[in-house]
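K.L.:
Contents of entry.cif (mmCIF, C-alpha atoms) are below:
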```
data_run
loop_
_atom_site.label_atom_id
_atom_site.label_comp_id
_atom_site.auth_asym_id
_atom_site.auth_seq_id
_atom_site.Cartn_x
_atom_site.Cartn_y
_atom_site.Cartn_z
CA MET A 1 0.00 0.00 0.00
CA THR A 2 1.17 3.51 -0.80
CA THR A 3 2.26 5.79 2.01
CA ALA A 4 -0.29 8.61 2.34
CA ALA A 5 1.48 10.64 5.04
CA ILE A 6 4.67 10.64 7.08
CA GLY A 7 5.34 11.55 10.69
CA ILE A 8 8.89 12.14 11.92
CA ASP A 9 9.84 12.37 15.56
CA PHE A 10 13.33 13.87 15.28
CA GLY A 11 14.60 13.39 18.79
CA THR A 12 17.58 14.39 20.85
CA THR A 13 18.51 10.76 21.47
CA ASN A 14 16.43 8.70 19.05
CA SER A 15 14.36 9.42 15.94
CA VAL A 16 11.35 7.53 14.59
CA VAL A 17 9.63 7.60 11.20
CA ALA A 18 5.95 6.59 11.00
CA LEU A 19 4.10 5.86 7.76
CA ALA A 20 0.32 6.33 7.52
CA ARG A 21 -1.80 4.65 4.85
CA ALA A 22 -4.98 6.03 3.33
CA ASP A 23 -7.07 3.67 5.50
CA GLY A 24 -5.60 5.22 8.67
CA SER A 25 -3.29 2.33 9.54
CA VAL A 26 0.16 3.32 10.75
CA THR A 27 3.48 1.48 10.84
CA THR A 28 6.85 2.65 12.07
CA ARG A 29 9.80 2.32 9.77
CA SER A 30 12.28 -0.42 10.55
CA PHE A 31 15.98 0.24 10.01
CA ALA A 32 18.47 -2.46 9.17
CA THR A 33 21.59 -2.07 11.31
CA ARG A 34 24.59 -4.18 12.19
CA GLN A 35 22.85 -5.19 15.40
CA GLY A 36 19.57 -6.08 13.68
CA ALA A 37 16.38 -4.21 12.80
CA VAL A 38 15.36 -1.25 14.97
CA ASP A 39 12.44 1.20 14.95
CA ALA A 40 14.20 3.88 16.99
CA TYR A 41 17.10 5.28 14.97
CA ARG A 42 19.82 6.78 17.15
CA SER A 43 20.21 10.51 16.46
CA ALA A 44 23.95 10.25 15.91
CA LEU A 45 26.56 10.89 13.23
CA MET A 46 30.15 9.79 12.87
CA PHE A 47 32.63 11.29 10.41
CA TRP A 48 36.08 10.18 9.35
CA ARG A 49 38.57 10.80 6.56
CA GLU A 50 38.67 8.10 3.90
CA GLY A 51 41.13 7.46 1.09
CA ARG A 52 44.72 8.50 0.59
CA PRO A 53 46.07 11.96 -0.27
CA PRO A 54 45.39 13.69 -2.50
CA ASN A 55 42.17 11.76 -3.06
CA THR A 56 40.75 11.88 0.46
CA HIS A 57 37.15 12.70 1.31
CA VAL A 58 35.01 13.00 4.46
CA ALA A 59 32.86 9.91 4.97
CA HIS A 60 30.07 9.42 7.47
CA VAL A 61 27.59 6.96 8.92
CA SER A 62 24.54 7.62 11.10
CA GLY A 63 22.25 5.97 13.61
CA PRO A 64 23.17 2.82 15.57
CA ASP A 65 25.92 2.04 13.07
CA ALA A 66 27.59 5.35 13.98
CA LEU A 67 27.81 4.11 17.55
CA ASP A 68 29.17 0.72 16.55
CA MET A 69 31.86 2.22 14.33
CA ALA A 70 32.81 4.86 16.87
CA LEU A 71 33.27 2.21 19.54
CA GLY A 72 35.44 0.07 17.29
CA MET A 73 37.38 2.62 15.25
CA THR A 74 40.97 3.27 16.30
CA THR A 75 41.77 5.96 13.69
CA GLU A 76 40.78 9.61 14.02
CA HIS A 77 37.03 10.26 13.86
CA ARG A 78 34.34 12.60 15.15
CA PHE A 79 31.21 11.30 16.81
CA LEU A 80 28.28 13.72 17.17
CA GLN A 81 24.87 13.37 18.76
CA SER A 82 22.16 15.41 20.53
CA LEU A 83 22.39 17.95 17.70
CA LYS A 84 18.77 18.93 18.36
CA THR A 85 19.77 20.60 21.62
CA HIS A 86 21.78 23.21 19.71
CA LEU A 87 18.96 24.36 17.41
CA SER A 88 17.96 27.37 19.49
CA SER A 89 21.47 28.54 20.37
CA ARG A 90 23.59 30.92 18.31
CA ALA A 91 26.66 29.59 20.13
CA PHE A 92 26.83 26.63 17.73
CA GLN A 93 27.04 28.04 14.23
CA GLU A 94 29.45 25.72 12.48
CA THR A 95 32.26 23.26 12.97
CA ARG A 96 35.08 21.84 10.86
CA LEU A 97 35.30 18.11 10.38
CA PHE A 98 38.54 17.03 8.74
CA GLY A 99 38.87 20.37 7.01
CA LYS A 100 35.28 20.53 5.76
CA LEU A 101 32.97 23.21 7.14
CA PHE A 102 29.55 22.12 8.40
CA ARG A 103 26.81 24.37 9.72
CA LEU A 104 24.35 22.92 12.20
CA GLU A 105 21.72 22.75 9.44
CA ASP A 106 24.16 20.79 7.29
CA LEU A 107 24.77 18.21 10.01
CA ILE A 108 21.10 17.71 10.80
CA GLY A 109 20.36 17.64 7.07
CA VAL A 110 22.87 14.80 6.64
CA PHE A 111 21.17 12.87 9.43
CA LEU A 112 17.63 13.45 8.10
CA THR A 113 18.74 12.38 4.62
CA ASP A 114 19.84 9.05 6.06
CA LEU A 115 16.65 8.79 8.13
CA VAL A 116 14.36 8.85 5.07
CA ALA A 117 16.73 7.20 2.58
CA GLY A 118 14.87 4.63 0.48
CA LEU A 119 11.40 6.10 1.01
CA ASP A 120 9.58 7.02 -2.19
CA ASP A 121 8.40 10.56 -2.95
CA VAL A 122 9.25 12.09 0.43
CA ALA A 123 9.24 15.53 -1.20
CA GLU A 124 5.63 15.04 -2.35
CA THR A 125 4.15 13.10 0.56
CA PRO A 126 2.41 15.08 3.34
CA LEU A 127 4.87 15.26 6.20
CA VAL A 128 4.61 16.50 9.77
CA SER A 129 7.67 16.71 11.98
CA GLY A 130 7.51 17.05 15.71
CA ARG A 131 8.94 20.02 17.51
CA PRO A 132 9.25 20.65 21.25
CA VAL A 133 6.93 23.16 22.89
CA VAL A 134 10.01 24.86 24.28
CA PHE A 135 13.38 24.22 22.66
CA ALA A 136 16.31 23.20 24.84
CA GLY A 137 18.63 25.90 26.17
CA GLU A 138 18.73 28.61 28.79
CA ARG A 139 17.39 31.31 26.45
CA PRO A 140 15.96 29.38 23.52
CA ASP A 141 15.46 31.38 20.31
CA GLU A 142 12.36 29.75 18.81
CA GLU A 143 12.54 31.61 15.51
CA LEU A 144 16.15 30.57 15.04
CA ALA A 145 15.41 26.95 16.00
CA LEU A 146 12.45 26.57 13.65
CA GLY A 147 14.33 28.25 10.82
CA ARG A 148 17.26 25.89 11.26
CA LEU A 149 15.00 22.86 11.51
CA ARG A 150 13.11 23.83 8.36
CA ALA A 151 16.39 24.42 6.53
CA SER A 152 17.64 21.01 7.69
CA TYR A 153 14.59 19.29 6.21
CA GLY A 154 15.07 21.27 3.01
CA LYS A 155 18.64 20.04 2.72
CA ALA A 156 17.30 16.49 3.12
CA GLY A 157 14.86 16.95 0.23
CA MET A 158 11.76 17.74 2.30
CA PRO A 159 11.11 21.47 1.80
CA ALA A 160 7.34 21.23 2.41
CA VAL A 161 7.62 19.92 5.96
CA ASP A 162 4.94 20.99 8.43
CA PHE A 163 5.48 21.11 12.19
CA ALA A 164 3.42 20.16 15.23
CA TYR A 165 4.10 20.05 18.93
CA GLU A 166 5.40 16.63 19.92
CA PRO A 167 2.81 16.10 22.69
CA LEU A 168 0.10 16.81 20.12
CA GLY A 169 1.40 13.84 18.15
CA ALA A 170 1.29 11.68 21.28
CA ALA A 171 -2.29 12.86 21.94
CA TYR A 172 -3.37 11.89 18.45
CA TRP A 173 -1.98 8.43 18.96
CA TYR A 174 -3.57 7.96 22.38
CA ALA A 175 -6.96 9.26 21.25
CA ARG A 176 -7.27 7.21 18.05
CA ASP A 177 -9.55 4.68 19.79
CA LEU A 178 -11.51 7.09 21.99
CA LYS A 179 -15.28 6.74 21.70
CA THR A 180 -16.40 9.41 24.16
CA PRO A 181 -15.34 13.05 24.72
CA GLN A 182 -12.36 13.47 27.01
CA THR A 183 -10.12 16.16 28.45
CA MET A 184 -6.59 14.88 28.71
CA LEU A 185 -3.06 15.93 29.54
CA VAL A 186 -0.19 14.68 27.40
CA ALA A 187 3.29 14.63 28.92
CA ASP A 188 6.05 13.93 26.40
CA PHE A 189 9.49 13.43 27.92
CA GLY A 190 12.35 13.50 25.44
CA GLY A 191 16.08 13.67 25.82
CA GLY A 192 16.25 17.47 25.82
CA THR A 193 12.79 18.77 26.75
CA SER A 194 9.65 17.89 28.67
CA ASP A 195 6.49 19.05 26.89
CA PHE A 196 2.87 19.23 27.97
CA SER A 197 -0.38 19.69 26.09
CA VAL A 198 -3.90 19.89 27.47
CA MET A 199 -6.30 18.54 24.86
CA ARG A 200 -10.06 18.28 24.55
CA PHE A 201 -11.46 15.60 22.26
CA GLU A 202 -14.99 16.30 21.03
CA PRO A 203 -17.27 14.44 18.61
CA GLY A 204 -16.55 15.35 14.99
CA GLY A 205 -17.54 14.14 11.57
CA ALA A 206 -17.64 10.52 10.42
CA GLY A 207 -17.70 9.24 13.97
CA ARG A 208 -14.32 10.78 14.78
CA LEU A 209 -13.27 12.82 17.77
CA ASP A 210 -11.78 16.19 16.86
CA ALA A 211 -8.70 17.27 18.81
CA ILE A 212 -8.94 20.75 20.33
CA PRO A 213 -5.66 22.00 21.85
CA LEU A 214 -6.31 24.02 25.00
CA SER A 215 -2.73 24.85 25.97
CA HIS A 216 0.91 23.91 25.51
CA ALA A 217 3.88 24.34 27.86
CA GLY A 218 7.36 22.94 28.13
CA VAL A 219 10.74 23.16 29.80
CA GLY A 220 14.28 22.30 28.72
CA VAL A 221 14.59 19.60 31.39
CA ALA A 222 14.39 15.90 30.54
CA GLY A 223 16.39 12.70 30.26
CA ASP A 224 19.71 14.32 29.36
CA THR A 225 19.36 16.61 32.38
CA PHE A 226 19.00 13.63 34.69
CA ASP A 227 22.06 12.04 33.10
CA TYR A 228 23.90 15.30 33.70
CA ARG A 229 23.07 15.16 37.44
CA ILE A 230 24.57 11.68 37.72
CA ILE A 231 27.69 12.76 35.86
CA GLU A 232 27.95 15.95 37.91
CA HIS A 233 27.73 14.17 41.26
CA ALA A 234 29.12 10.70 40.62
CA ILE A 235 31.48 11.00 37.65
CA SER A 236 33.02 14.48 37.41
CA PRO A 237 34.62 14.44 40.92
CA ARG A 238 36.38 11.23 39.89
CA LEU A 239 37.69 13.07 36.79
CA GLY A 240 39.12 16.07 38.59
CA LYS A 241 36.17 18.30 39.38
CA GLY A 242 36.81 20.17 42.62
CA THR A 243 40.55 19.44 42.63
CA GLN A 244 43.36 22.01 42.43
CA TYR A 245 46.53 22.90 40.56
CA ARG A 246 49.60 24.94 41.50
CA SER A 247 50.29 28.30 39.87
CA PHE A 248 53.05 30.61 41.12
CA GLU A 249 53.02 28.95 44.55
CA LYS A 250 49.26 29.30 44.84
CA LEU A 251 46.64 26.56 44.80
CA LEU A 252 43.86 27.30 42.34
CA PRO A 253 40.74 25.29 41.46
CA ILE A 254 40.67 23.37 38.18
CA PRO A 255 38.70 25.64 35.79
CA ALA A 256 35.03 24.71 35.95
CA HIS A 257 34.40 24.93 32.21
CA TYR A 258 36.13 21.62 31.53
CA HIS A 259 33.63 19.69 33.60
CA ALA A 260 30.67 21.90 32.72
CA ALA A 261 31.18 20.99 29.07
CA PHE A 262 32.20 17.42 29.80
CA ALA A 263 29.18 16.72 31.96
CA GLN A 264 26.99 17.34 28.93
CA TRP A 265 28.29 14.18 27.33
CA HIS A 266 27.04 14.95 23.82
CA ARG A 267 29.53 17.85 23.69
CA LEU A 268 32.50 15.67 24.56
CA SER A 269 33.66 15.23 20.97
CA LEU A 270 33.66 19.01 20.52
CA MET A 271 36.29 19.25 23.29
CA LYS A 272 38.71 17.13 21.32
CA SER A 273 40.66 20.07 19.93
CA ARG A 274 44.39 20.73 19.88
CA GLU A 275 43.97 23.72 22.19
CA THR A 276 41.89 21.91 24.81
CA MET A 277 44.16 18.88 24.86
CA ALA A 278 47.23 21.09 25.30
CA GLU A 279 45.57 23.01 28.15
CA LEU A 280 44.66 19.81 29.97
CA LYS A 281 48.17 18.40 29.63
CA ALA A 282 49.57 21.62 31.13
CA LEU A 283 47.11 21.38 34.03
CA ILE A 284 48.08 17.76 34.64
CA ARG A 285 51.72 18.78 35.11
CA ASP A 286 50.72 21.18 37.91
CA ALA A 287 47.74 19.29 39.35
CA VAL A 288 47.55 18.20 42.98
CA GLU A 289 45.74 15.04 41.85
CA PRO A 290 47.06 14.52 38.31
CA GLY A 291 45.65 11.01 37.96
CA LYS A 292 42.08 12.26 37.87
CA LEU A 293 42.81 14.75 35.09
CA GLU A 294 44.76 12.09 33.22
CA ASP A 295 41.60 9.97 33.24
CA LEU A 296 39.60 12.96 31.99
CA LEU A 297 42.10 13.43 29.17
CA THR A 298 41.87 9.73 28.29
CA VAL A 299 38.07 9.87 28.10
CA ILE A 300 38.25 12.84 25.74
CA GLU A 301 41.17 11.62 23.64
CA TYR A 302 39.66 8.18 23.01
CA ASP A 303 36.06 9.36 22.59
CA LEU A 304 34.78 7.35 25.52
CA GLY A 305 31.76 9.57 26.07
CA TYR A 306 29.27 7.05 24.74
CA GLU A 307 30.59 4.23 26.89
CA LEU A 308 30.40 6.55 29.87
CA TYR A 309 26.85 7.53 28.91
CA ARG A 310 25.85 3.87 28.70
CA ALA A 311 27.11 3.34 32.23
CA VAL A 312 25.21 6.40 33.45
CA SER A 313 22.06 5.38 31.58
CA ALA A 314 22.23 1.85 32.96
CA ALA A 315 22.48 3.23 36.49
CA LYS A 316 19.51 5.57 35.88
CA ILE A 317 17.40 2.72 34.50
CA ALA A 318 18.34 0.46 37.41
CA LEU A 319 17.21 3.13 39.86
CA SER A 320 13.74 3.01 38.31
CA SER A 321 13.18 -0.32 40.09
CA ALA A 322 15.97 -0.59 42.68
CA GLU A 323 16.71 1.46 45.78
CA GLN A 324 20.46 1.33 45.08
CA THR A 325 22.77 0.45 42.20
CA THR A 326 26.45 0.50 41.27
CA LEU A 327 27.61 2.68 38.39
CA SER A 328 30.44 0.77 36.73
CA PHE A 329 32.73 2.15 34.00
CA ARG A 330 35.91 0.42 32.84
CA GLN A 331 37.57 1.61 29.64
CA MET A 332 41.19 2.29 28.60
CA ASP A 333 42.58 1.96 32.15
CA VAL A 334 39.92 4.37 33.48
CA THR A 335 37.92 2.67 36.24
CA ILE A 336 34.97 4.25 38.03
CA GLU A 337 32.92 2.20 40.46
CA THR A 338 30.48 4.11 42.64
CA SER A 339 27.32 3.22 44.52
CA ILE A 340 24.24 5.41 43.99
CA ARG A 341 21.14 5.33 46.17
CA ARG A 342 17.81 6.30 44.70
CA SER A 343 17.35 8.76 47.54
CA ASP A 344 20.56 10.51 46.45
CA PHE A 345 19.45 10.55 42.81
CA ASP A 346 16.07 11.96 43.85
CA SER A 347 17.82 14.77 45.74
CA TRP A 348 20.05 15.53 42.73
CA ILE A 349 17.06 15.90 40.40
CA ALA A 350 14.68 17.54 42.88
CA ASP A 351 14.99 21.01 41.34
CA ASP A 352 14.57 19.54 37.86
CA VAL A 353 11.40 17.72 38.87
CA GLY A 354 10.25 21.01 40.36
CA ALA A 355 10.84 22.73 37.01
CA ILE A 356 8.79 19.99 35.30
CA GLU A 357 5.94 20.57 37.75
CA THR A 358 6.08 24.32 37.11
CA ALA A 359 5.67 23.71 33.36
CA LEU A 360 2.81 21.31 34.12
CA ASP A 361 1.09 23.98 36.24
CA LYS A 362 1.52 26.48 33.41
CA ALA A 363 -0.19 24.13 30.95
CA LEU A 364 -3.15 23.64 33.30
CA SER A 365 -3.40 27.35 34.09
CA GLU A 366 -3.33 28.48 30.46
CA ALA A 367 -5.97 25.87 29.60
CA ASN A 368 -8.09 27.10 32.51
CA VAL A 369 -8.50 23.49 33.55
CA SER A 370 -8.27 22.14 37.08
CA THR A 371 -6.39 19.02 38.03
CA GLY A 372 -9.68 17.29 38.75
CA ALA A 373 -11.01 18.07 35.26
CA ILE A 374 -8.22 16.05 33.61
CA GLU A 375 -9.80 12.68 32.83
CA ALA A 376 -6.64 10.99 31.58
CA VAL A 377 -2.91 11.60 31.60
CA PHE A 378 -0.87 10.08 28.78
CA MET A 379 2.87 9.96 29.49
CA THR A 380 5.46 8.96 26.92
CA GLY A 381 9.26 8.90 26.86
CA GLY A 382 11.87 7.20 29.00
CA THR A 383 11.79 9.82 31.77
CA SER A 384 8.17 8.86 32.51
CA HIS A 385 9.62 5.75 34.19
CA VAL A 386 11.78 7.71 36.65
CA PRO A 387 10.10 7.10 40.04
CA ALA A 388 10.29 10.74 41.16
CA VAL A 389 8.59 11.86 37.93
CA ARG A 390 5.93 9.16 38.01
CA ALA A 391 5.28 9.96 41.69
CA LEU A 392 4.65 13.60 40.77
CA PHE A 393 1.89 12.65 38.32
CA ASP A 394 0.43 9.96 40.57
CA ARG A 395 0.23 12.50 43.39
CA ARG A 396 -1.35 15.20 41.23
CA PHE A 397 -3.81 13.09 39.23
CA GLY A 398 -4.07 9.68 40.88
CA ALA A 399 -2.42 6.55 39.52
CA SER A 400 -5.65 5.31 37.90
CA ARG A 401 -5.71 8.25 35.48
CA VAL A 402 -2.07 7.92 34.44
CA HIS A 403 -1.23 5.87 31.33
CA ILE A 404 2.28 5.14 30.02
CA GLY A 405 2.66 5.03 26.24
CA ASP A 406 5.21 3.51 23.91
CA ALA A 407 8.37 5.48 24.54
CA PHE A 408 9.48 5.38 20.90
CA ARG A 409 6.47 5.05 18.61
CA SER A 410 3.69 7.17 20.12
CA VAL A 411 4.77 10.62 18.94
CA ALA A 412 5.80 9.68 15.38
CA SER A 413 2.68 7.57 14.84
CA GLY A 414 0.42 10.37 16.00
CA LEU A 415 2.26 12.86 13.81
CA ALA A 416 1.65 10.62 10.79
CA LEU A 417 -2.08 10.56 11.57
CA LEU A 418 -2.02 14.33 12.00
CA ALA A 419 -0.30 14.70 8.62
CA LEU A 420 -2.99 12.50 7.09
CA ASP A 421 -5.81 14.59 8.61
CA ARG A 422 -4.21 17.86 7.54
CA ALA A 423 -3.80 16.58 3.99
CA ARG A 424 -7.46 15.52 3.88
CA ALA A 425 -8.57 18.88 5.26
CA THR A 426 -6.58 20.69 2.57
CA VAL A 427 -8.17 18.59 -0.18
CA ALA A 428 -11.65 19.14 1.28
CA ALA A 429 -11.10 22.89 1.42
#
```
Can you turn what I pasted into structure tokens?
P.N.:
Amino acid sequence: MTTAAIGIDFGTTNSVVALARADGSVTTRSFATRQGAVDAYRSALMFWREGRPPNTHVAHVSGPDALDMALGMTTEHRFLQSLKTHLSSRAFQETRLFGKLFRLEDLIGVFLTDLVAGLDDVAETPLVSGRPVVFAGERPDEELALGRLRASYGKAGMPAVDFAYEPLGAAYWYARDLKTPQTMLVADFGGGTSDFSVMRFEPGGAGRLDAIPLSHAGVGVAGDTFDYRIIEHAISPRLGKGTQYRSFEKLLPIPAHYHAAFAQWHRLSLMKSRETMAELKALIRDAVEPGKLEDLLTVIEYDLGYELYRAVSAAKIALSSAEQTTLSFRQMDVTIETSIRRSDFDSWIADDVGAIETALDKALSEANVSTGAIEAVFMTGGTSHVPAVRALFDRRFGASRVHIGDAFRSVASGLALLALDRARATVAA
């Protein structure tokens, strides 16, 4: 059957493509990788130089295969991910990869090209891409972010892309089987943002329920933020944070910017510059605890950020069901073994959970809807399984009203249905 509409959930960590047929059925695209078929395509790129001078060129691979190659490649390469988090920031304009200049739009365009490779007529098929309610960053520039995202799709051969809030896509997916009117809250937790939509579903034509958005709110706090807290408290001190170095007979603290950047693991590869490496080696010579900075240098030099992230992620997942776990990282003679209690993790993320609740309150307030008027809460995304987050929603709405959706497919599938409805509405008009 021919694809009638496409929904793309371009995520900070993973991306999903959903294909809607004319009869309203939806499937998610499966990607063949070295590890087998996957529906969630890792939002990652890896670049390296291929060939011999003077006939060298910059090669790349994306998705799960980018991770596999990065983990196994011993020659020089650059591994990039979480590019979505930079969309709203003018601080990331461009970067050079093996002598070739890439703007942020170019990099995301390369990834999106791979994401839809092999699909027929993507330029002509109705397409809706998700977007966060609030883009990640301290002072997100929405106009800049949307302009960059639209340009990225254009570079990937999809200039007619339409956009919709990601929780709206999740709402469409949840409500596809509703038979009676309902007021619901959708909470979509991604890697970079947490987004909320209050929706009212009312009877429409042909036995359908029409979706009426009442409000949207969001905050740049989500899964990556929680990873950051673990790195900040459990990893960075082991890699020199809070230690000192000697300068003209004075003891000075190791500059904070090394660990501020490092703790955001997706920026680790951007630290691998000649200048940064030279600065760290100079600090090691004068450090009070040089071994810790040597381990930091090793992690950067050998691109061990992903392995470290996996250890952090495994610990976070374990704390969803256990009261205590051990974070274990062993790579290239760098060994970190540390016990983490859930109570400690909850205290580290307490302010972040508070920021999520503030955004939730904003969504309810702008919709002029009370907590009691919300008949169902649909939560999607990995962070919905964090006990402190789930406890917040259980406390506010009652566990019986809270439903957990498919962490990977819900948003993209709903966006595909939304694209289908918008296309039909355009034809009818």
K.L.:
With 8 Å as the cut-off and all atoms listed in the file counted, what is the closest atom pair between each nearby residue of range 159-269 of chain A and range 134-149 of chain A? Distances in Å to one decimal, ordered by chain and number, as a Markdown table.
P.N.:
```
| residue | atom | partner | partner_atom | distance |
| --- | --- | --- | --- | --- |
| A:Gly192 | CA | A:Ala136 | CA | 5.8 |
| A:Thr193 | CA | A:Ala136 | CA | 6.0 |
| A:Asp195 | CA | A:Val134 | CA | 7.3 |
| A:Ala217 | CA | A:Val134 | CA | 7.1 |
| A:Gly218 | CA | A:Val134 | CA | 5.1 |
| A:Val219 | CA | A:Val134 | CA | 5.8 |
| A:Gly220 | CA | A:Ala136 | CA | 4.5 |
| A:Val221 | CA | A:Ala136 | CA | 7.7 |
```
K.L.:
Deliver the residues from the most recent selection as a file, using C-alpha atoms, as a short mmCIF file (atom, residue, chain, number, x, y, z; two decimals), in the coordinates of the input.
P.N.:
```cif
data_model
loop_
_atom_site.label_atom_id
_atom_site.label_comp_id
_atom_site.auth_asym_id
_atom_site.auth_seq_id
_atom_site.Cartn_x
_atom_site.Cartn_y
_atom_site.Cartn_z
CA GLY A 192 16.25 17.47 25.82
CA THR A 193 12.79 18.77 26.75
CA ASP A 195 6.49 19.05 26.89
CA ALA A 217 3.88 24.34 27.86
CA GLY A 218 7.36 22.94 28.13
CA VAL A 219 10.74 23.16 29.80
CA GLY A 220 14.28 22.30 28.72
CA VAL A 221 14.59 19.60 31.39
#
```
K.L.:
Using the chain letters and numbers from the file, give me the residues hit by the PyMOL selection byres ((chain A and resi 312) around 8), as a ChimeraX atom specification.
P.N.:
/A:227,230-231,308-311,313-316,327
K.L.:
Could you jot down the CA of Glu323 in chain A to CA of Leu360 in chain A separation for me, Å, one decimal place?
P.N.:
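Computing the Euclidean distance for CA of Glu323 in chain A and CA of Leu360 in chain A yields 26.9 Å.
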K.L.:
May I ask for the distance between CA of Leu209 in chain A and CA of Thr180 in chain A, given in Å to one decimal place?
P.N.:
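The value is 7.9 Å.
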K.L.:
Given the choices A:Phe196, A:Phe226, A:Tyr153, A:Phe98, which gets closest to Phe345 in chain A if the distance is worked out from only C-alpha atoms?
P.N.:
A:Phe226
K.L.:
Interatomic distance between CA of Gly130 in chain A and CA of Phe163 in chain A?
P.N.:
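Taking CA of Gly130 in chain A and CA of Phe163 in chain A, their separation equals 5.7 Å.
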K.L.:
Translate the PyMOL selection byres ((chain A and resi 22) around 8), as applied to the file shown, into an explicit residue set as a list in words.
P.N.:
Thr2, Thr3, Ala4, Ala20, Arg21, Asp23, Gly24, Ser25 and Leu420 of chain A
